[in-house]
file query-v4.txt (compact mmCIF, C-alpha atoms and all ligand atoms)
# COMPACT_ATOMS: atom_id res chain seq x y z
CA MET A 1 7.73 2.75 -34.87
CA THR A 2 4.05 3.07 -35.68
CA ASN A 3 2.66 6.43 -36.61
CA VAL A 4 0.76 7.34 -33.48
CA GLU A 5 1.04 11.10 -33.81
CA GLY A 6 -1.75 12.56 -31.71
CA ARG A 7 -3.06 9.11 -30.82
CA PRO A 8 -0.89 7.87 -27.93
CA TRP A 9 -3.46 5.17 -27.20
CA ALA A 10 -2.75 3.56 -30.59
CA ASP A 11 0.88 2.92 -29.67
CA THR A 12 1.65 -0.78 -29.25
CA SER A 13 5.15 -0.57 -27.79
CA CYS A 14 5.98 -1.98 -24.36
CA LEU A 15 4.94 0.51 -21.67
CA LEU A 16 8.14 -0.19 -19.77
CA CYS A 17 10.85 -0.42 -22.42
CA GLY A 18 9.26 0.84 -25.63
CA ALA A 19 9.98 -2.31 -27.65
CA PRO A 20 7.53 -3.27 -30.41
CA PRO A 21 4.97 -6.10 -29.89
CA GLY A 22 6.41 -9.54 -29.26
CA ASP A 23 9.70 -8.08 -28.11
CA HIS A 24 11.39 -6.42 -25.13
CA HIS A 25 14.71 -4.70 -24.72
CA ALA A 26 17.21 -6.83 -22.84
CA ASP A 27 16.96 -4.88 -19.58
CA CYS A 28 13.14 -4.82 -19.54
CA PRO A 29 11.58 -6.68 -16.61
CA GLY A 30 8.86 -7.65 -19.09
CA ALA A 31 11.46 -9.94 -20.70
CA ASP A 32 12.18 -11.70 -17.41
CA PRO A 33 9.52 -14.14 -16.21
CA ASP A 34 11.12 -14.10 -12.74
CA ALA A 35 11.14 -10.31 -12.33
CA VAL A 36 9.26 -9.26 -9.20
CA ALA A 37 9.58 -5.50 -9.59
CA TYR A 38 9.95 -3.05 -12.45
CA LEU A 39 10.53 0.27 -10.72
CA THR A 40 12.11 1.38 -7.46
CA GLU A 41 11.71 4.91 -6.16
CA GLU A 42 13.31 6.69 -3.22
CA LEU A 43 10.68 8.84 -1.53
CA PRO A 44 11.66 12.15 0.10
CA ASP A 45 11.17 10.66 3.58
CA GLY A 46 13.69 7.89 2.88
CA THR A 47 11.12 5.21 2.15
CA THR A 48 11.96 2.84 -0.71
CA ARG A 49 8.93 2.23 -2.91
CA THR A 50 8.95 -0.80 -5.20
CA TRP A 51 6.33 -1.30 -7.89
CA THR A 52 5.69 -4.98 -8.47
CA MET A 53 5.40 -6.90 -11.71
CA ALA A 54 2.34 -8.61 -10.19
CA GLY A 55 0.55 -5.28 -10.31
CA VAL A 56 2.06 -3.90 -13.50
CA ARG A 57 -1.25 -4.09 -15.34
CA TYR A 58 -2.58 -1.42 -12.96
CA THR A 59 0.54 0.69 -12.47
CA ALA A 60 2.67 0.65 -15.63
CA THR A 61 2.21 4.33 -16.54
CA PRO A 62 2.97 7.49 -14.54
CA ALA A 63 -0.75 8.40 -14.72
CA ARG A 64 -1.80 5.07 -13.21
CA ARG A 65 0.78 5.34 -10.45
CA ALA A 66 -0.29 8.92 -9.76
CA ALA A 67 -3.91 7.80 -9.39
CA ILE A 68 -2.81 5.24 -6.82
CA THR A 69 -0.41 7.43 -4.88
CA ALA A 70 -3.17 10.06 -4.67
CA LEU A 71 -5.28 7.54 -2.76
CA MET A 72 -2.55 6.45 -0.36
CA PRO A 73 -3.00 9.31 2.14
CA THR A 74 -6.76 8.71 2.29
CA MET A 75 -6.51 5.39 4.14
CA ASP A 76 -8.36 4.87 7.40
CA TRP A 77 -5.91 2.96 9.58
CA TYR A 78 -6.85 0.13 11.91
CA GLN A 79 -4.64 -1.48 14.48
CA ALA A 80 -4.13 -5.22 14.15
CA GLY A 81 -4.02 -7.41 17.23
CA ARG A 82 -7.26 -6.16 18.72
CA VAL A 83 -10.93 -6.44 17.99
CA VAL A 84 -12.14 -3.71 15.68
CA SER A 85 -15.31 -3.46 13.69
CA LEU A 86 -14.49 -3.46 10.01
CA PRO A 87 -16.40 -2.95 6.82
CA PHE A 88 -17.60 -6.44 5.88
CA MET A 89 -15.73 -6.55 2.60
CA LEU A 90 -12.43 -5.63 4.20
CA GLY A 91 -12.86 -8.13 7.04
CA ALA A 92 -13.58 -10.95 4.61
CA LEU A 93 -10.65 -10.02 2.39
CA LEU A 94 -8.20 -9.83 5.29
CA LYS A 95 -9.37 -13.18 6.61
CA GLU A 96 -8.65 -14.66 3.23
CA ILE A 97 -5.35 -13.04 2.25
CA VAL A 98 -3.45 -12.53 5.51
CA PRO A 99 -3.09 -16.26 6.35
CA LYS A 100 -2.39 -17.02 2.70
CA MET A 101 0.46 -14.50 2.67
CA GLY A 102 1.82 -15.86 5.95
CA ILE A 103 2.17 -12.42 7.49
CA ALA A 104 -0.29 -12.55 10.41
CA ARG A 105 2.50 -12.53 12.95
CA TRP A 106 4.02 -9.28 11.64
CA LEU A 107 0.84 -7.44 10.76
CA ALA A 108 0.85 -4.25 12.81
CA ARG A 109 -1.81 -2.16 11.06
CA PHE A 110 -3.91 -2.10 8.00
CA GLY A 111 -5.55 0.70 6.08
CA PHE A 112 -8.51 0.99 3.80
CA HIS A 113 -11.03 3.54 2.65
CA PRO A 114 -14.28 2.58 0.91
CA LEU A 115 -13.91 5.47 -1.54
CA ALA A 116 -10.27 4.79 -2.37
CA THR A 117 -10.81 3.06 -5.69
CA ILE A 118 -9.18 3.24 -9.07
CA ARG A 119 -11.00 2.75 -12.36
CA VAL A 120 -9.46 0.08 -14.57
CA PRO A 121 -10.47 -0.96 -18.09
CA ASP A 122 -11.86 -4.51 -18.12
CA CYS A 123 -10.66 -4.89 -21.67
CA GLY A 124 -9.32 -8.38 -22.20
CA CYS A 125 -5.97 -7.17 -23.50
CA THR A 126 -3.73 -10.21 -23.18
CA ASP A 127 -0.50 -8.22 -23.02
CA ALA A 128 -0.78 -6.02 -19.95
CA LEU A 129 2.44 -4.24 -20.87
CA ARG A 130 0.83 -2.89 -24.04
CA CYS A 131 -2.69 -2.10 -22.83
CA ARG A 132 -3.49 1.57 -23.33
CA CYS A 133 -7.25 1.24 -22.95
CA ASP A 134 -7.27 3.90 -20.23
CA PHE A 135 -5.46 6.48 -22.37
CA ASP A 136 -7.29 9.66 -23.36
CA ALA A 137 -9.51 9.19 -26.42
CA HIS A 138 -9.03 5.41 -26.61
CA PRO A 139 -12.24 3.85 -28.02
CA HIS A 140 -12.61 1.89 -24.74
CA THR A 141 -13.47 5.21 -23.09
CA ASN A 142 -16.94 4.80 -24.56
CA ALA A 143 -17.29 1.13 -23.68
CA HIS A 144 -20.24 -0.09 -21.60
CA PRO A 145 -19.74 0.70 -17.87
CA ASP A 146 -19.53 -3.06 -17.26
CA LEU A 147 -16.24 -2.96 -19.14
CA TRP A 148 -14.74 -0.72 -16.49
CA ALA A 149 -14.00 -1.94 -12.98
CA ASP A 150 -13.45 -0.02 -9.75
CA TYR A 151 -10.84 -1.68 -7.57
CA SER A 152 -10.21 -0.60 -4.03
CA LEU A 153 -6.83 0.06 -2.50
CA LEU A 154 -5.79 -1.30 0.85
CA VAL A 155 -2.55 -1.46 2.77
CA LEU A 156 -1.00 -3.89 5.23
CA ARG A 157 1.75 -2.58 7.50
CA LEU A 158 4.24 -5.21 8.63
CA ARG A 159 6.84 -4.99 11.39
CA ARG A 160 10.37 -5.38 10.07
CA PRO A 161 13.57 -5.31 12.12
CA GLU A 162 14.62 -1.88 10.77
CA GLY A 163 11.21 -0.31 10.35
CA TRP A 164 7.96 -0.97 8.56
CA LEU A 165 6.93 -2.55 5.29
CA ASP A 166 3.69 -1.29 3.78
CA LEU A 167 2.19 -3.66 1.25
CA TRP A 168 -0.22 -1.83 -1.03
CA LEU A 169 -2.84 -4.10 -2.52
CA LEU A 170 -5.63 -3.78 -5.02
CA ASP A 171 -8.76 -5.78 -4.37
CA ILE A 172 -9.47 -7.01 -7.88
CA GLY A 173 -12.56 -8.98 -6.92
CA VAL A 174 -11.07 -12.44 -7.32
CA GLY A 175 -8.40 -11.73 -4.71
CA ALA A 176 -5.89 -9.05 -3.92
CA VAL A 177 -2.70 -8.18 -5.76
CA VAL A 178 0.32 -6.55 -4.15
CA ILE A 179 1.02 -3.61 -6.44
CA ALA A 180 3.65 -1.73 -4.42
CA GLU A 181 5.81 -2.10 -1.33
CA ASP A 182 7.04 0.78 0.82
CA ASP A 183 10.04 -0.16 2.92
CA SER A 184 10.98 2.35 5.61
CA HIS A 185 14.06 1.91 7.72
CA ASN A 186 13.40 4.65 10.22
CA ASP A 187 12.16 2.77 13.26
CA PRO A 188 14.23 -0.25 14.31
CA ILE A 189 12.75 -2.67 16.83
CA PRO A 190 13.66 -1.17 20.20
CA THR A 191 15.61 -3.49 22.46
CA GLY A 192 13.80 -4.52 25.59
CA ALA A 193 10.42 -3.47 24.31
CA SER A 194 7.24 -5.42 24.88
CA HIS A 195 5.52 -7.14 21.98
CA ASP A 196 2.87 -4.38 21.95
CA CYS A 197 5.48 -1.66 21.61
CA VAL A 198 7.45 -3.61 19.00
CA MET A 199 4.30 -3.71 16.90
CA GLY A 200 3.57 -0.02 17.42
CA TRP A 201 0.59 -0.67 19.69
CA CYS A 202 2.01 1.62 22.35
CA ASP A 203 -1.40 2.53 23.76
CA GLN A 204 -1.84 -1.11 24.79
CA CYS A 205 1.43 -1.27 26.72
CA THR A 206 1.59 0.13 30.25
CA GLY A 207 5.36 -0.23 30.32
CA THR A 208 5.10 -2.03 33.63
CA GLY A 209 3.96 -5.44 34.78
CA PRO A 210 2.23 -6.01 38.10
CA THR A 211 3.77 -8.67 40.32
CA ARG A 212 2.16 -10.78 43.02
CA ASP A 213 3.12 -8.33 45.75
CA GLY A 214 1.45 -5.43 43.96
CA ALA A 215 4.61 -3.73 42.69
CA ASN A 216 4.81 -2.41 39.11
CA PRO A 217 8.35 -2.99 37.87
CA PRO A 218 9.15 -1.68 34.36
CA VAL A 219 9.02 -4.46 31.77
CA CYS A 220 9.17 -2.41 28.58
CA ALA A 221 12.05 -0.20 27.51
CA HIS A 222 10.31 1.53 24.59
CA PRO A 223 10.96 5.30 24.79
CA CYS A 224 7.22 5.93 24.33
CA HIS A 225 6.78 5.48 28.07
CA THR A 226 9.01 8.45 28.81
CA ALA A 227 8.38 10.56 25.67
CA SER A 228 5.31 12.62 24.94
CA PRO A 229 2.51 10.19 24.04
CA SER A 230 1.41 12.10 20.94
CA THR A 231 4.59 11.08 19.12
CA THR A 232 4.16 7.38 19.69
CA THR A 233 1.29 6.24 17.50
CA ALA A 234 0.02 7.32 14.14
CA VAL A 235 -3.53 6.93 15.39
CA ALA A 236 -3.01 9.43 18.19
CA ASP A 237 -1.73 11.96 15.68
CA VAL A 238 -5.02 12.13 13.85
CA ARG A 239 -6.86 15.12 15.16
CA PRO A 240 -8.87 17.79 13.43
CA GLU A 241 -7.19 21.08 12.66
CA THR A 242 -9.00 23.87 14.43
CA GLU A 243 -8.73 27.53 13.59
CA HIS A 244 -9.32 30.44 15.87
CA ALA A 245 -10.96 33.07 13.72
CA ASP A 246 -12.82 34.70 16.58
CA ASP A 247 -10.07 36.75 18.21
CA HIS A 248 -10.53 40.06 16.43
ZN ZN B 1 9.41 -4.23 -22.35
ZN ZN B 2 -6.63 -2.99 -22.66
ZN ZN B 3 5.74 1.97 22.97
ZN ZN B 4 5.82 -0.47 26.07
call {"tool": "encode", "arguments": {"input": "query-v4.txt", "output": "structure tokens"}}
result
Amino acid sequence: MTNVEGRPWADTSCLLCGAPPGDHHADCPGADPDAVAYLTEELPDGTTRTWTMAGVRYTATPARRAAITALMPTMDWYQAGRVVSLPFMLGALLKEIVPKMGIARWLARFGFHPLATIRVPDCGCTDALRCRCDFDAHPHTNAHPDLWADYSLLVLRLRRPEGWLDLWLLDIGVGAVVIAEDDSHNDPIPTGASHDCVMGWCDQCTGTGPTRDGANPPVCAHPCHTASPSTTTAVADVRPETEHADDH
């Protein structure tokens, strides 16, 4: 143990397991070159959130994870599978990473917000599990602004048989890193549903298919065609709150 009383940034132990430099406790994912995740959380809504080792440099402390989870609700969501106009940077990034990840077929939505960025020390620490350059009062606080980077958060929502998988990525300039995965099991693929409805693109599905004789037989069994439309897509749920302060 080093004497780091009052100087938490001077600590050199592993951020995950607390072991001194050059070492890890046996159960530390930092000791396992094949570890893909270091922390799994059950969210109140039943979603399983997994924090990846690939992104551990940006998420290894509660403060870093809090900075990221604070940005998650700020995403602007776009529906995949249709032509939308995107911020240039996002379009270019998606074009590069989606085919590389092999997920195009299951990509239902993606989210991004130009102001959803986290500030990361560009410090050259070789051991990401011991970098505390973003801790309060660390000398790096006063480093040249070039030694801090702002990385933007984005999210890809994939269709899974039991629900949805949200891949949270950081655009780190030279590519994107999956930092967390949210697996929700609350929306299994409905049997007999059209591809549009399977992917959550309910507004694109009429529920019926015209035939040559002009009839419109039902071709999609997704309940959205009988339920109230406002419950079917996340996009349709976004509406401004209005208050009636004039009735007095
Ligand atoms: Zn460790
Ligand atoms: Zn550092
Ligand atoms: Zn539907
Ligand atoms: Zn449908």
call {"tool": "closest_residue", "arguments": {"input": "query-v4.txt", "among": "A:Val36, A:Leu153, A:Ala137, A:Met101", "to": "Ile118 of chain A", "atoms": "all atoms listed in the file"}}
result
A:Leu153
call {"tool": "atom_distance", "arguments": {"input": "query-v4.txt", "atom1": "atom CA of Gly207 of chain A", "atom2": "atom CA of Ala221 of chain A"}}
result
7.3 Å
call {"tool": "residues_around", "arguments": {"input": "query-v4.txt", "residues": "Arg105 of chain A", "least_positions_apart": "6", "cutoff": "12 Å", "atoms": "all atoms listed in the file", "output": "ChimeraX atom specification"}}
result
/A:80-81,98-99,157-160,195,198-199
call {"tool": "atom_distance", "arguments": {"input": "query-v4.txt", "atom1": "atom CA of Pro139 of chain A", "atom2": "atom CA of Cys14 of chain A"}}
result
19.5 Å
call {"tool": "atom_distance", "arguments": {"input": "query-v4.txt", "atom1": "atom CA of Glu96 of chain A", "atom2": "atom CA of Leu115 of chain A"}}
result
21.3 Å
call {"tool": "residues_near_ligand", "arguments": {"input": "query-v4.txt", "ligand": "ligand ZN 2 (chain B)", "cutoff": "6 Å", "atoms": "all atoms listed in the file", "output": "PyMOL selection string"}}
result
chain A and resi 123+125+131-133
call {"tool": "residues_around", "arguments": {"input": "query-v4.txt", "residues": "segment 170-179 of chain A", "least_positions_apart": "3", "cutoff": "6 Å", "atoms": "only C-alpha atoms", "output": "list in words"}}
result
Trp51, Thr52, Gly55, Tyr151, Ser152 and Leu153 of chain A
call {"tool": "residues_near_ligand", "arguments": {"input": "query-v4.txt", "ligand": "ligand ZN 1 (chain B)", "cutoff": "9 Å", "atoms": "only C-alpha atoms and all ligand atoms", "output": "list in words"}}
result
Ser13, Cys14, Leu15, Leu16, Cys17, Gly18, Ala19, Pro20, Pro21, Asp23, His24, His25, Ala26, Asp27, Cys28, Pro29, Gly30, Ala31, Leu129 and Arg130 of chain A
call {"tool": "write_last_selection", "arguments": {"input": "query-v4.txt", "atoms": "C-alpha atoms", "output": "compact mmCIF listing (two decimals), keeping the file's coordinate frame"}}
result
# COMPACT_ATOMS: atom_id res chain seq x y z
CA SER A 13 5.15 -0.57 -27.79
CA CYS A 14 5.98 -1.98 -24.36
CA LEU A 15 4.94 0.51 -21.67
CA LEU A 16 8.14 -0.19 -19.77
CA CYS A 17 10.85 -0.42 -22.42
CA GLY A 18 9.26 0.84 -25.63
CA ALA A 19 9.98 -2.31 -27.65
CA PRO A 20 7.53 -3.27 -30.41
CA PRO A 21 4.97 -6.10 -29.89
CA ASP A 23 9.70 -8.08 -28.11
CA HIS A 24 11.39 -6.42 -25.13
CA HIS A 25 14.71 -4.70 -24.72
CA ALA A 26 17.21 -6.83 -22.84
CA ASP A 27 16.96 -4.88 -19.58
CA CYS A 28 13.14 -4.82 -19.54
CA PRO A 29 11.58 -6.68 -16.61
CA GLY A 30 8.86 -7.65 -19.09
CA ALA A 31 11.46 -9.94 -20.70
CA LEU A 129 2.44 -4.24 -20.87
CA ARG A 130 0.83 -2.89 -24.04
call {"tool": "closest_atom_pairs", "arguments": {"input": "query-v4.txt", "of": "chain A", "to": "ligand ZN 4 (chain B)", "cutoff": "12 Å", "atoms": "all atoms listed in the file", "output": "tab-separated table"}}
result
residue	atom	partner	partner_atom	distance
A:Ile189	CA	B:ZN4	ZN	11.8
A:Pro190	CA	B:ZN4	ZN	9.8
A:Thr191	CA	B:ZN4	ZN	10.9
A:Gly192	CA	B:ZN4	ZN	9.0
A:Ala193	CA	B:ZN4	ZN	5.8
A:Ser194	CA	B:ZN4	ZN	5.3
A:His195	CA	B:ZN4	ZN	7.8
A:Asp196	CA	B:ZN4	ZN	6.4
A:Cys197	CA	B:ZN4	ZN	4.6
A:Val198	CA	B:ZN4	ZN	7.9
A:Met199	CA	B:ZN4	ZN	9.8
A:Gly200	CA	B:ZN4	ZN	8.9
A:Trp201	CA	B:ZN4	ZN	8.3
A:Cys202	CA	B:ZN4	ZN	5.7
A:Asp203	CA	B:ZN4	ZN	8.2
A:Gln204	CA	B:ZN4	ZN	7.8
A:Cys205	CA	B:ZN4	ZN	4.5
A:Thr206	CA	B:ZN4	ZN	6.0
A:Gly207	CA	B:ZN4	ZN	4.3
A:Thr208	CA	B:ZN4	ZN	7.8
A:Gly209	CA	B:ZN4	ZN	10.2
A:Pro218	CA	B:ZN4	ZN	9.0
A:Val219	CA	B:ZN4	ZN	7.7
A:Cys220	CA	B:ZN4	ZN	4.6
A:Ala221	CA	B:ZN4	ZN	6.4
A:His222	CA	B:ZN4	ZN	5.1
A:Pro223	CA	B:ZN4	ZN	7.8
A:Cys224	CA	B:ZN4	ZN	6.8
A:His225	CA	B:ZN4	ZN	6.4
A:Thr226	CA	B:ZN4	ZN	9.9
A:Ala227	CA	B:ZN4	ZN	11.3
A:Pro229	CA	B:ZN4	ZN	11.3
A:Thr232	CA	B:ZN4	ZN	10.3
A:Thr233	CA	B:ZN4	ZN	11.8
call {"tool": "axis_aligned_box", "arguments": {"input": "query-v4.txt", "around": "segment 82-100 of chain A", "padding_each_side": "5 Å", "output": "lines of an AutoDock Vina configuration file"}}
result
center_x = -10.0
center_y = -10.0
center_z = 10.5
size_x = 25.2
size_y = 24.1
size_z = 26.5
call {"tool": "closest_residue", "arguments": {"input": "query-v4.txt", "among": "A:Ala54, A:Asp187, A:Asn216, A:Asp150", "to": "ligand ZN 3 (chain B)", "atoms": "only C-alpha atoms and all ligand atoms"}}
result
A:Asp187
call {"tool": "closest_residue", "arguments": {"input": "query-v4.txt", "among": "A:Tyr38, A:Trp148, A:Tyr58, A:Tyr78", "to": "Leu107 of chain A", "atoms": "all atoms listed in the file"}}
result
A:Tyr78
call {"tool": "closest_residue", "arguments": {"input": "query-v4.txt", "among": "A:Val4, A:Leu169, A:Val56, A:Ala67", "to": "Leu90 of chain A", "atoms": "only C-alpha atoms"}}
result
A:Leu169
call {"tool": "residues_around", "arguments": {"input": "query-v4.txt", "residues": "segment 83-88 of chain A", "least_positions_apart": "6", "cutoff": "12 Å", "atoms": "only C-alpha atoms", "output": "PDB file with C-alpha atoms, in the frame of the given file"}}
result
ATOM      1  CA  ASP A  76      -8.360   4.870   7.400  1.00  0.00           C
ATOM      2  CA  TRP A  77      -5.910   2.960   9.580  1.00  0.00           C
ATOM      3  CA  LEU A  94      -8.200  -9.830   5.290  1.00  0.00           C
ATOM      4  CA  LYS A  95      -9.370 -13.180   6.610  1.00  0.00           C
ATOM      5  CA  ARG A 109      -1.810  -2.160  11.060  1.00  0.00           C
ATOM      6  CA  PHE A 110      -3.910  -2.100   8.000  1.00  0.00           C
ATOM      7  CA  GLY A 111      -5.550   0.700   6.080  1.00  0.00           C
ATOM      8  CA  PHE A 112      -8.510   0.990   3.800  1.00  0.00           C
ATOM      9  CA  HIS A 113     -11.030   3.540   2.650  1.00  0.00           C
ATOM     10  CA  PRO A 114     -14.280   2.580   0.910  1.00  0.00           C
TER      11      PRO A 114
END
